[in-house]
$ cat run_14.cif   # mmCIF, N, CA and C atoms
data_run
#
loop_
_atom_site.label_atom_id
_atom_site.label_comp_id
_atom_site.auth_asym_id
_atom_site.auth_seq_id
_atom_site.Cartn_x
_atom_site.Cartn_y
_atom_site.Cartn_z
N MET A 1 -160.64 122.86 239.69
CA MET A 1 -161.24 121.74 240.36
C MET A 1 -161.50 120.65 239.32
N SER A 2 -161.22 119.42 239.68
CA SER A 2 -161.43 118.31 238.74
C SER A 2 -162.91 117.96 238.66
N THR A 3 -163.25 117.21 237.63
CA THR A 3 -164.62 116.72 237.47
C THR A 3 -165.03 115.87 238.67
N ASP A 4 -164.12 115.02 239.14
CA ASP A 4 -164.43 114.17 240.30
C ASP A 4 -164.71 115.00 241.55
N GLU A 5 -163.91 116.05 241.77
CA GLU A 5 -164.13 116.92 242.93
C GLU A 5 -165.46 117.67 242.83
N LEU A 6 -165.75 118.19 241.65
CA LEU A 6 -167.00 118.91 241.47
C LEU A 6 -168.19 117.97 241.60
N PHE A 7 -168.06 116.75 241.09
CA PHE A 7 -169.14 115.77 241.24
C PHE A 7 -169.37 115.44 242.72
N SER A 8 -168.31 115.28 243.48
CA SER A 8 -168.44 115.01 244.92
C SER A 8 -169.16 116.15 245.62
N ARG A 9 -168.84 117.37 245.26
CA ARG A 9 -169.52 118.53 245.86
C ARG A 9 -170.99 118.57 245.44
N LEU A 10 -171.25 118.27 244.18
CA LEU A 10 -172.63 118.25 243.69
C LEU A 10 -173.46 117.24 244.48
N CYS A 11 -172.90 116.06 244.73
CA CYS A 11 -173.61 115.04 245.53
C CYS A 11 -173.79 115.51 246.97
N ALA A 12 -172.79 116.17 247.54
CA ALA A 12 -172.91 116.67 248.91
C ALA A 12 -174.00 117.75 249.00
N TRP A 13 -174.05 118.63 248.00
CA TRP A 13 -175.10 119.66 247.98
C TRP A 13 -176.48 119.02 247.84
N ASP A 14 -176.57 117.99 247.01
CA ASP A 14 -177.83 117.26 246.86
C ASP A 14 -178.22 116.62 248.19
N ASP A 15 -177.27 115.97 248.86
CA ASP A 15 -177.54 115.34 250.17
C ASP A 15 -178.00 116.37 251.20
N ALA A 16 -177.51 117.61 251.08
CA ALA A 16 -177.88 118.67 252.01
C ALA A 16 -179.19 119.36 251.61
N ASP A 17 -179.84 118.84 250.59
CA ASP A 17 -181.13 119.37 250.10
C ASP A 17 -181.05 120.79 249.55
N TYR A 18 -179.89 121.16 249.01
CA TYR A 18 -179.80 122.44 248.32
C TYR A 18 -180.58 122.34 247.01
N ILE A 19 -181.07 123.44 246.53
CA ILE A 19 -181.72 123.48 245.22
C ILE A 19 -180.62 123.63 244.18
N LEU A 20 -180.61 122.70 243.22
CA LEU A 20 -179.55 122.67 242.22
C LEU A 20 -180.13 122.80 240.82
N GLY A 21 -179.44 123.53 240.00
CA GLY A 21 -179.83 123.66 238.61
C GLY A 21 -178.59 123.62 237.74
N CYS A 22 -178.81 123.49 236.46
CA CYS A 22 -177.69 123.47 235.52
C CYS A 22 -178.15 124.08 234.21
N GLY A 23 -177.21 124.59 233.45
CA GLY A 23 -177.52 125.24 232.19
C GLY A 23 -176.66 124.71 231.07
N THR A 24 -177.23 124.70 229.88
CA THR A 24 -176.53 124.21 228.71
C THR A 24 -175.75 125.33 228.03
N LYS A 25 -175.03 124.94 226.99
CA LYS A 25 -174.26 125.92 226.23
C LYS A 25 -175.18 126.98 225.63
N ALA A 26 -174.62 128.11 225.30
CA ALA A 26 -175.38 129.20 224.70
C ALA A 26 -175.99 128.76 223.38
N GLY A 27 -177.14 129.32 223.09
CA GLY A 27 -177.80 129.02 221.83
C GLY A 27 -179.28 129.28 221.95
N SER A 28 -179.99 128.93 220.92
CA SER A 28 -181.44 129.12 220.89
C SER A 28 -182.14 127.91 221.48
N ASP A 29 -183.17 128.16 222.28
CA ASP A 29 -183.89 127.03 222.87
C ASP A 29 -184.79 126.33 221.85
N THR A 30 -184.68 126.73 220.58
CA THR A 30 -185.35 125.99 219.51
C THR A 30 -184.43 124.93 218.92
N GLU A 31 -183.19 124.91 219.38
CA GLU A 31 -182.19 123.93 218.93
C GLU A 31 -181.81 123.04 220.09
N ASP A 32 -181.33 121.83 219.77
CA ASP A 32 -180.86 120.95 220.82
C ASP A 32 -179.63 120.18 220.37
N THR A 33 -178.93 119.63 221.34
CA THR A 33 -177.79 118.78 221.10
C THR A 33 -178.09 117.44 221.74
N ASP A 34 -178.31 116.43 220.93
CA ASP A 34 -178.64 115.08 221.41
C ASP A 34 -179.87 115.08 222.31
N GLY A 35 -180.82 115.96 222.04
CA GLY A 35 -182.06 116.02 222.82
C GLY A 35 -182.00 117.00 223.97
N ILE A 36 -180.82 117.53 224.29
CA ILE A 36 -180.67 118.49 225.38
C ILE A 36 -180.74 119.89 224.77
N VAL A 37 -181.69 120.69 225.23
CA VAL A 37 -181.98 122.00 224.63
C VAL A 37 -180.83 122.97 224.88
N ASP A 38 -180.43 123.66 223.83
CA ASP A 38 -179.38 124.68 223.93
C ASP A 38 -179.94 125.92 224.62
N GLY A 39 -179.08 126.64 225.35
CA GLY A 39 -179.47 127.89 226.00
C GLY A 39 -180.63 127.71 226.96
N HIS A 40 -180.60 126.65 227.75
CA HIS A 40 -181.75 126.26 228.57
C HIS A 40 -181.28 125.82 229.96
N ALA A 41 -182.10 126.07 230.96
CA ALA A 41 -181.80 125.64 232.33
C ALA A 41 -182.59 124.39 232.67
N TYR A 42 -182.01 123.53 233.47
CA TYR A 42 -182.61 122.28 233.92
C TYR A 42 -182.50 122.20 235.44
N SER A 43 -183.34 121.39 236.04
CA SER A 43 -183.24 121.09 237.47
C SER A 43 -182.36 119.85 237.64
N VAL A 44 -181.54 119.86 238.67
CA VAL A 44 -180.81 118.65 239.06
C VAL A 44 -181.64 117.98 240.15
N LEU A 45 -182.12 116.77 239.86
CA LEU A 45 -182.98 116.06 240.81
C LEU A 45 -182.20 115.20 241.78
N GLN A 46 -181.18 114.50 241.28
CA GLN A 46 -180.40 113.61 242.14
C GLN A 46 -178.97 113.52 241.62
N CYS A 47 -178.05 113.33 242.55
CA CYS A 47 -176.66 113.07 242.25
C CYS A 47 -176.26 111.84 243.06
N LEU A 48 -175.88 110.77 242.39
CA LEU A 48 -175.60 109.51 243.09
C LEU A 48 -174.26 108.94 242.66
N SER A 49 -173.44 108.57 243.62
CA SER A 49 -172.15 107.95 243.30
C SER A 49 -172.23 106.45 243.56
N ASP A 50 -171.53 105.70 242.72
CA ASP A 50 -171.44 104.24 242.84
C ASP A 50 -172.82 103.61 243.07
N VAL A 51 -173.75 103.89 242.16
CA VAL A 51 -175.13 103.45 242.30
C VAL A 51 -175.21 101.93 242.38
N ALA A 52 -175.82 101.41 243.43
CA ALA A 52 -176.02 99.98 243.66
C ALA A 52 -174.71 99.20 243.62
N GLY A 53 -173.61 99.86 243.98
CA GLY A 53 -172.30 99.20 243.98
C GLY A 53 -171.80 98.86 242.58
N SER A 54 -172.37 99.53 241.58
CA SER A 54 -172.03 99.23 240.18
C SER A 54 -170.82 99.99 239.66
N GLY A 55 -170.37 100.99 240.43
CA GLY A 55 -169.28 101.83 239.97
C GLY A 55 -169.74 102.99 239.10
N ASN A 56 -171.05 103.09 238.85
CA ASN A 56 -171.60 104.16 238.01
C ASN A 56 -171.97 105.37 238.85
N ASP A 57 -171.46 106.53 238.44
CA ASP A 57 -171.80 107.81 239.05
C ASP A 57 -172.78 108.52 238.13
N LEU A 58 -173.99 108.81 238.65
CA LEU A 58 -175.06 109.32 237.80
C LEU A 58 -175.69 110.60 238.35
N VAL A 59 -176.19 111.41 237.43
CA VAL A 59 -176.92 112.64 237.77
C VAL A 59 -178.27 112.57 237.05
N GLN A 60 -179.36 112.79 237.80
CA GLN A 60 -180.68 112.86 237.20
C GLN A 60 -181.05 114.32 237.02
N VAL A 61 -181.51 114.65 235.82
CA VAL A 61 -181.83 116.02 235.44
C VAL A 61 -183.27 116.04 234.92
N ARG A 62 -183.93 117.19 235.07
CA ARG A 62 -185.29 117.34 234.55
C ARG A 62 -185.41 118.62 233.74
N ASN A 63 -185.96 118.45 232.56
CA ASN A 63 -186.31 119.60 231.73
C ASN A 63 -187.58 120.21 232.31
N PRO A 64 -187.58 121.48 232.70
CA PRO A 64 -188.77 122.07 233.31
C PRO A 64 -189.97 122.13 232.37
N TRP A 65 -189.76 121.93 231.08
CA TRP A 65 -190.88 121.86 230.15
C TRP A 65 -191.69 120.58 230.34
N GLY A 66 -191.13 119.59 231.05
CA GLY A 66 -191.84 118.34 231.32
C GLY A 66 -191.79 117.34 230.18
N SER A 67 -191.02 117.63 229.16
CA SER A 67 -190.82 116.69 228.06
C SER A 67 -189.51 117.05 227.38
N GLY A 68 -189.06 116.16 226.51
CA GLY A 68 -187.78 116.38 225.84
C GLY A 68 -186.65 115.90 226.71
N GLU A 69 -185.91 114.91 226.20
CA GLU A 69 -184.89 114.25 227.01
C GLU A 69 -183.64 113.96 226.20
N PHE A 70 -182.59 113.63 226.92
CA PHE A 70 -181.33 113.19 226.35
C PHE A 70 -181.60 111.96 225.50
N GLU A 71 -181.02 111.94 224.31
CA GLU A 71 -181.34 110.87 223.36
C GLU A 71 -180.20 109.92 223.04
N SER A 72 -178.99 110.22 223.44
CA SER A 72 -177.88 109.38 222.97
C SER A 72 -176.88 109.04 224.07
N GLY A 73 -177.36 108.91 225.29
CA GLY A 73 -176.45 108.64 226.39
C GLY A 73 -176.48 107.19 226.84
N GLU A 74 -175.55 106.88 227.68
CA GLU A 74 -175.47 105.53 228.24
C GLU A 74 -176.70 105.21 229.08
N TRP A 75 -177.29 106.25 229.72
CA TRP A 75 -178.42 106.05 230.62
C TRP A 75 -179.68 106.79 230.18
N ASP A 76 -179.78 107.16 228.88
CA ASP A 76 -181.05 107.73 228.43
C ASP A 76 -182.11 106.63 228.56
N ASP A 77 -183.36 106.94 228.32
CA ASP A 77 -184.44 105.99 228.60
C ASP A 77 -184.21 104.60 228.00
N ASP A 78 -183.64 104.53 226.80
CA ASP A 78 -183.38 103.22 226.21
C ASP A 78 -181.88 102.97 226.03
N GLY A 79 -181.07 103.63 226.86
CA GLY A 79 -179.62 103.47 226.80
C GLY A 79 -179.17 102.10 227.28
N PRO A 80 -177.98 101.69 226.89
CA PRO A 80 -177.47 100.36 227.24
C PRO A 80 -177.16 100.17 228.73
N GLY A 81 -176.98 101.26 229.46
CA GLY A 81 -176.64 101.13 230.88
C GLY A 81 -177.68 100.38 231.69
N TRP A 82 -178.95 100.56 231.33
CA TRP A 82 -180.04 99.92 232.09
C TRP A 82 -179.99 98.40 231.96
N GLU A 83 -179.79 97.90 230.73
CA GLU A 83 -179.75 96.46 230.51
C GLU A 83 -178.46 95.85 231.06
N GLN A 84 -177.37 96.59 230.95
CA GLN A 84 -176.08 96.10 231.43
C GLN A 84 -175.98 96.12 232.96
N ASN A 85 -176.82 96.91 233.61
CA ASN A 85 -176.78 97.06 235.07
C ASN A 85 -178.19 96.94 235.66
N PRO A 86 -178.77 95.74 235.65
CA PRO A 86 -180.15 95.59 236.12
C PRO A 86 -180.34 96.00 237.59
N GLU A 87 -179.28 95.91 238.39
CA GLU A 87 -179.38 96.32 239.79
C GLU A 87 -179.59 97.83 239.91
N VAL A 88 -179.00 98.58 238.99
CA VAL A 88 -179.20 100.03 238.96
C VAL A 88 -180.63 100.34 238.51
N ALA A 89 -181.09 99.65 237.47
CA ALA A 89 -182.45 99.85 236.97
C ALA A 89 -183.48 99.56 238.06
N GLN A 90 -183.25 98.50 238.81
CA GLN A 90 -184.20 98.14 239.88
C GLN A 90 -184.17 99.18 241.01
N LEU A 91 -182.98 99.57 241.45
CA LEU A 91 -182.86 100.53 242.53
C LEU A 91 -183.48 101.88 242.18
N LEU A 92 -183.28 102.32 240.95
CA LEU A 92 -183.76 103.64 240.54
C LEU A 92 -185.18 103.61 239.98
N GLY A 93 -185.77 102.41 239.87
CA GLY A 93 -187.13 102.31 239.36
C GLY A 93 -187.24 102.80 237.92
N HIS A 94 -186.32 102.36 237.08
CA HIS A 94 -186.24 102.85 235.70
C HIS A 94 -187.56 102.67 234.95
N GLU A 95 -187.98 103.75 234.30
CA GLU A 95 -189.17 103.76 233.44
C GLU A 95 -188.84 104.47 232.14
N VAL A 96 -189.45 104.02 231.07
CA VAL A 96 -189.32 104.71 229.79
C VAL A 96 -190.54 105.59 229.63
N ALA A 97 -190.33 106.91 229.66
CA ALA A 97 -191.43 107.87 229.54
C ALA A 97 -190.86 109.22 229.12
N ASP A 98 -191.57 109.91 228.24
CA ASP A 98 -191.14 111.25 227.86
C ASP A 98 -191.70 112.24 228.88
N ASP A 99 -191.04 112.23 230.07
CA ASP A 99 -191.50 113.06 231.18
C ASP A 99 -190.51 114.18 231.51
N GLY A 100 -189.48 114.33 230.68
CA GLY A 100 -188.48 115.37 230.89
C GLY A 100 -187.37 114.99 231.85
N LYS A 101 -187.47 113.81 232.50
CA LYS A 101 -186.44 113.38 233.45
C LYS A 101 -185.53 112.37 232.76
N PHE A 102 -184.22 112.52 233.01
CA PHE A 102 -183.27 111.58 232.42
C PHE A 102 -181.99 111.54 233.26
N TRP A 103 -181.25 110.47 233.06
CA TRP A 103 -180.00 110.23 233.78
C TRP A 103 -178.82 110.40 232.84
N LEU A 104 -177.70 110.89 233.40
CA LEU A 104 -176.46 111.01 232.66
C LEU A 104 -175.32 110.51 233.55
N THR A 105 -174.26 110.00 232.93
CA THR A 105 -173.04 109.74 233.68
C THR A 105 -172.47 111.08 234.10
N LYS A 106 -171.59 111.08 235.08
CA LYS A 106 -171.00 112.36 235.48
C LYS A 106 -170.22 112.98 234.32
N GLN A 107 -169.58 112.15 233.49
CA GLN A 107 -168.85 112.69 232.35
C GLN A 107 -169.81 113.36 231.36
N GLU A 108 -170.94 112.70 231.06
CA GLU A 108 -171.93 113.29 230.16
C GLU A 108 -172.49 114.58 230.75
N PHE A 109 -172.78 114.56 232.05
CA PHE A 109 -173.34 115.75 232.70
C PHE A 109 -172.44 116.96 232.49
N PHE A 110 -171.14 116.81 232.76
CA PHE A 110 -170.24 117.95 232.64
C PHE A 110 -169.93 118.29 231.18
N GLN A 111 -170.16 117.35 230.27
CA GLN A 111 -170.00 117.62 228.85
C GLN A 111 -171.13 118.51 228.33
N TYR A 112 -172.35 118.23 228.74
CA TYR A 112 -173.52 118.93 228.20
C TYR A 112 -173.93 120.15 229.01
N PHE A 113 -173.61 120.19 230.28
CA PHE A 113 -174.05 121.30 231.13
C PHE A 113 -172.83 122.11 231.59
N GLU A 114 -172.75 123.34 231.10
CA GLU A 114 -171.60 124.20 231.36
C GLU A 114 -171.74 125.04 232.62
N THR A 115 -172.97 125.18 233.11
CA THR A 115 -173.23 126.06 234.25
C THR A 115 -173.96 125.30 235.34
N LEU A 116 -173.54 125.53 236.59
CA LEU A 116 -174.24 124.99 237.75
C LEU A 116 -174.84 126.14 238.54
N TYR A 117 -176.01 125.93 239.10
CA TYR A 117 -176.66 126.91 239.97
C TYR A 117 -176.92 126.23 241.30
N LEU A 118 -176.66 126.94 242.38
CA LEU A 118 -176.83 126.40 243.73
C LEU A 118 -177.53 127.44 244.58
N TRP A 119 -178.65 127.06 245.20
CA TRP A 119 -179.39 127.96 246.08
C TRP A 119 -179.46 127.37 247.47
N VAL A 120 -179.28 128.24 248.45
CA VAL A 120 -179.53 127.88 249.84
C VAL A 120 -180.59 128.88 250.31
N GLY A 121 -181.75 128.38 250.66
CA GLY A 121 -182.87 129.27 250.93
C GLY A 121 -183.31 129.92 249.65
N SER A 122 -183.45 131.21 249.63
CA SER A 122 -183.88 131.90 248.41
C SER A 122 -182.74 132.65 247.74
N THR A 123 -181.52 132.43 248.20
CA THR A 123 -180.38 133.17 247.68
C THR A 123 -179.47 132.28 246.85
N PRO A 124 -179.24 132.63 245.58
CA PRO A 124 -178.28 131.86 244.81
C PRO A 124 -176.88 132.14 245.36
N ILE A 125 -176.11 131.06 245.62
CA ILE A 125 -174.78 131.28 246.18
C ILE A 125 -173.68 130.82 245.23
N LEU A 126 -174.02 130.12 244.17
CA LEU A 126 -173.00 129.69 243.23
C LEU A 126 -173.56 129.73 241.83
N GLN A 127 -172.80 130.30 240.95
CA GLN A 127 -173.07 130.18 239.54
C GLN A 127 -171.71 130.06 238.90
N SER A 128 -171.46 128.93 238.24
CA SER A 128 -170.14 128.72 237.65
C SER A 128 -170.23 128.61 236.15
#
$ encode --input "run_14.cif" --output "structure tokens"
Amino acid sequence: MSTDELFSRLCAWDDADYILGCGTKAGSDTEDTDGIVDGHAYSVLQCLSDVAGSGNDLVQVRNPWGSGEFESGEWDDDGPGWEQNPEVAQLLGHEVADDGKFWLTKQEFFQYFETLYLWVGSTPILQS
């Protein structure tokens, strides 16, 4: 399945209110890659395609620790995407805060998160 196909499914699952999670590459949770903790699970909060007609496909993720965020992405808290796309910033209510929530492009999302988790009710139905 291509990245575009998987992203479309991720957005459809989000629209259907499925519980979504994702996991990073194997490693110690005392280490990170660009602020994203290795060997760690995250919640997927939102999956949005063509945000505000900008052509940007974004995924919002939350570190369950409530702090620690992506540090080098196009849409990290101080990333260039926000200034270059003020309509996206306005629509999404962009705030700079170390609250564990951050946005990634779909390419960044699939680069940093190797595993997806999908629950319907209390039963996990997908782990890839």
$ resolve_selection --input "run_14.cif" --expression "the PyMOL selection byres ((chain A and resi 26-34) around 6.5)" --output "ChimeraX atom specification"
/A:24-25,35-40,69-72
$ resolve_selection --input "run_14.cif" --expression "the PyMOL selection byres (((chain A and resi 88-100 and name CA) around 7) and name CA)" --output "PyMOL selection string"
chain A and resi 51-52+62-63+65-69+77+82+85-87+101-102
$ write_last_selection --input "run_14.cif" --atoms "N, CA and C atoms" --output "mmCIF file, in the frame of the given file"
data_model
loop_
_atom_site.group_PDB
_atom_site.id
_atom_site.type_symbol
_atom_site.label_atom_id
_atom_site.label_comp_id
_atom_site.auth_asym_id
_atom_site.auth_seq_id
_atom_site.Cartn_x
_atom_site.Cartn_y
_atom_site.Cartn_z
ATOM 1 N N VAL A 51 -173.750 103.890 242.160
ATOM 2 C CA VAL A 51 -175.130 103.450 242.300
ATOM 3 C C VAL A 51 -175.210 101.930 242.380
ATOM 4 N N ALA A 52 -175.820 101.410 243.430
ATOM 5 C CA ALA A 52 -176.020 99.980 243.660
ATOM 6 C C ALA A 52 -174.710 99.200 243.620
ATOM 7 N N ARG A 62 -183.930 117.190 235.070
ATOM 8 C CA ARG A 62 -185.290 117.340 234.550
ATOM 9 C C ARG A 62 -185.410 118.620 233.740
ATOM 10 N N ASN A 63 -185.960 118.450 232.560
ATOM 11 C CA ASN A 63 -186.310 119.600 231.730
ATOM 12 C C ASN A 63 -187.580 120.210 232.310
ATOM 13 N N TRP A 65 -189.760 121.930 231.080
ATOM 14 C CA TRP A 65 -190.880 121.860 230.150
ATOM 15 C C TRP A 65 -191.690 120.580 230.340
ATOM 16 N N GLY A 66 -191.130 119.590 231.050
ATOM 17 C CA GLY A 66 -191.840 118.340 231.320
ATOM 18 C C GLY A 66 -191.790 117.340 230.180
ATOM 19 N N SER A 67 -191.020 117.630 229.160
ATOM 20 C CA SER A 67 -190.820 116.690 228.060
ATOM 21 C C SER A 67 -189.510 117.050 227.380
ATOM 22 N N GLY A 68 -189.060 116.160 226.510
ATOM 23 C CA GLY A 68 -187.780 116.380 225.840
ATOM 24 C C GLY A 68 -186.650 115.900 226.710
ATOM 25 N N GLU A 69 -185.910 114.910 226.200
ATOM 26 C CA GLU A 69 -184.890 114.250 227.010
ATOM 27 C C GLU A 69 -183.640 113.960 226.200
ATOM 28 N N ASP A 77 -183.360 106.940 228.320
ATOM 29 C CA ASP A 77 -184.440 105.990 228.600
ATOM 30 C C ASP A 77 -184.210 104.600 228.000
ATOM 31 N N TRP A 82 -178.950 100.560 231.330
ATOM 32 C CA TRP A 82 -180.040 99.920 232.090
ATOM 33 C C TRP A 82 -179.990 98.400 231.960
ATOM 34 N N ASN A 85 -176.820 96.910 233.610
ATOM 35 C CA ASN A 85 -176.780 97.060 235.070
ATOM 36 C C ASN A 85 -178.190 96.940 235.660
ATOM 37 N N PRO A 86 -178.770 95.740 235.650
ATOM 38 C CA PRO A 86 -180.150 95.590 236.120
ATOM 39 C C PRO A 86 -180.340 96.000 237.590
ATOM 40 N N GLU A 87 -179.280 95.910 238.390
ATOM 41 C CA GLU A 87 -179.380 96.320 239.790
ATOM 42 C C GLU A 87 -179.590 97.830 239.910
ATOM 43 N N LYS A 101 -187.470 113.810 232.500
ATOM 44 C CA LYS A 101 -186.440 113.380 233.450
ATOM 45 C C LYS A 101 -185.530 112.370 232.760
ATOM 46 N N PHE A 102 -184.220 112.520 233.010
ATOM 47 C CA PHE A 102 -183.270 111.580 232.420
ATOM 48 C C PHE A 102 -181.990 111.540 233.260
#
$ closest_residue --input "run_14.cif" --among "A:Thr3, A:Gln84, A:Val59, A:Val120" --to "Cys47 (chain A)" --atoms "only N, CA and C atoms"
A:Val59
$ residues_around --input "run_14.cif" --residues "Gln60 (chain A)" --least-positions-apart "2" --cutoff "6 Å" --atoms "only N, CA and C atoms" --output "short mmCIF file (atom, residue, chain, number, x, y, z; two decimals) with N, CA and C atoms, keeping the file's coordinate frame"
data_model
loop_
_atom_site.label_atom_id
_atom_site.label_comp_id
_atom_site.auth_asym_id
_atom_site.auth_seq_id
_atom_site.Cartn_x
_atom_site.Cartn_y
_atom_site.Cartn_z
N SER A 43 -183.34 121.39 236.04
CA SER A 43 -183.24 121.09 237.47
C SER A 43 -182.36 119.85 237.64
N VAL A 44 -181.54 119.86 238.67
CA VAL A 44 -180.81 118.65 239.06
C VAL A 44 -181.64 117.98 240.15
N LEU A 45 -182.12 116.77 239.86
CA LEU A 45 -182.98 116.06 240.81
C LEU A 45 -182.20 115.20 241.78
N GLN A 46 -181.18 114.50 241.28
CA GLN A 46 -180.40 113.61 242.14
C GLN A 46 -178.97 113.52 241.62
N CYS A 47 -178.05 113.33 242.55
CA CYS A 47 -176.66 113.07 242.25
C CYS A 47 -176.26 111.84 243.06
N LEU A 58 -173.99 108.81 238.65
CA LEU A 58 -175.06 109.32 237.80
C LEU A 58 -175.69 110.60 238.35
N ARG A 62 -183.93 117.19 235.07
CA ARG A 62 -185.29 117.34 234.55
C ARG A 62 -185.41 118.62 233.74
N PHE A 102 -184.22 112.52 233.01
CA PHE A 102 -183.27 111.58 232.42
C PHE A 102 -181.99 111.54 233.26
N TRP A 103 -181.25 110.47 233.06
CA TRP A 103 -180.00 110.23 233.78
C TRP A 103 -178.82 110.40 232.84
N LEU A 104 -177.70 110.89 233.40
CA LEU A 104 -176.46 111.01 232.66
C LEU A 104 -175.32 110.51 233.55
#
$ closest_residue --input "run_14.cif" --among "A:Ala41, A:Leu48, A:Ala16, A:Cys22" --to "Phe110 (chain A)" --atoms "only C-alpha atoms"
A:Cys22
$ atom_distance --input "run_14.cif" --atom1 "atom C of Glu83 (chain A)" --atom2 "CA of Gly55 (chain A)"
14.1 Å
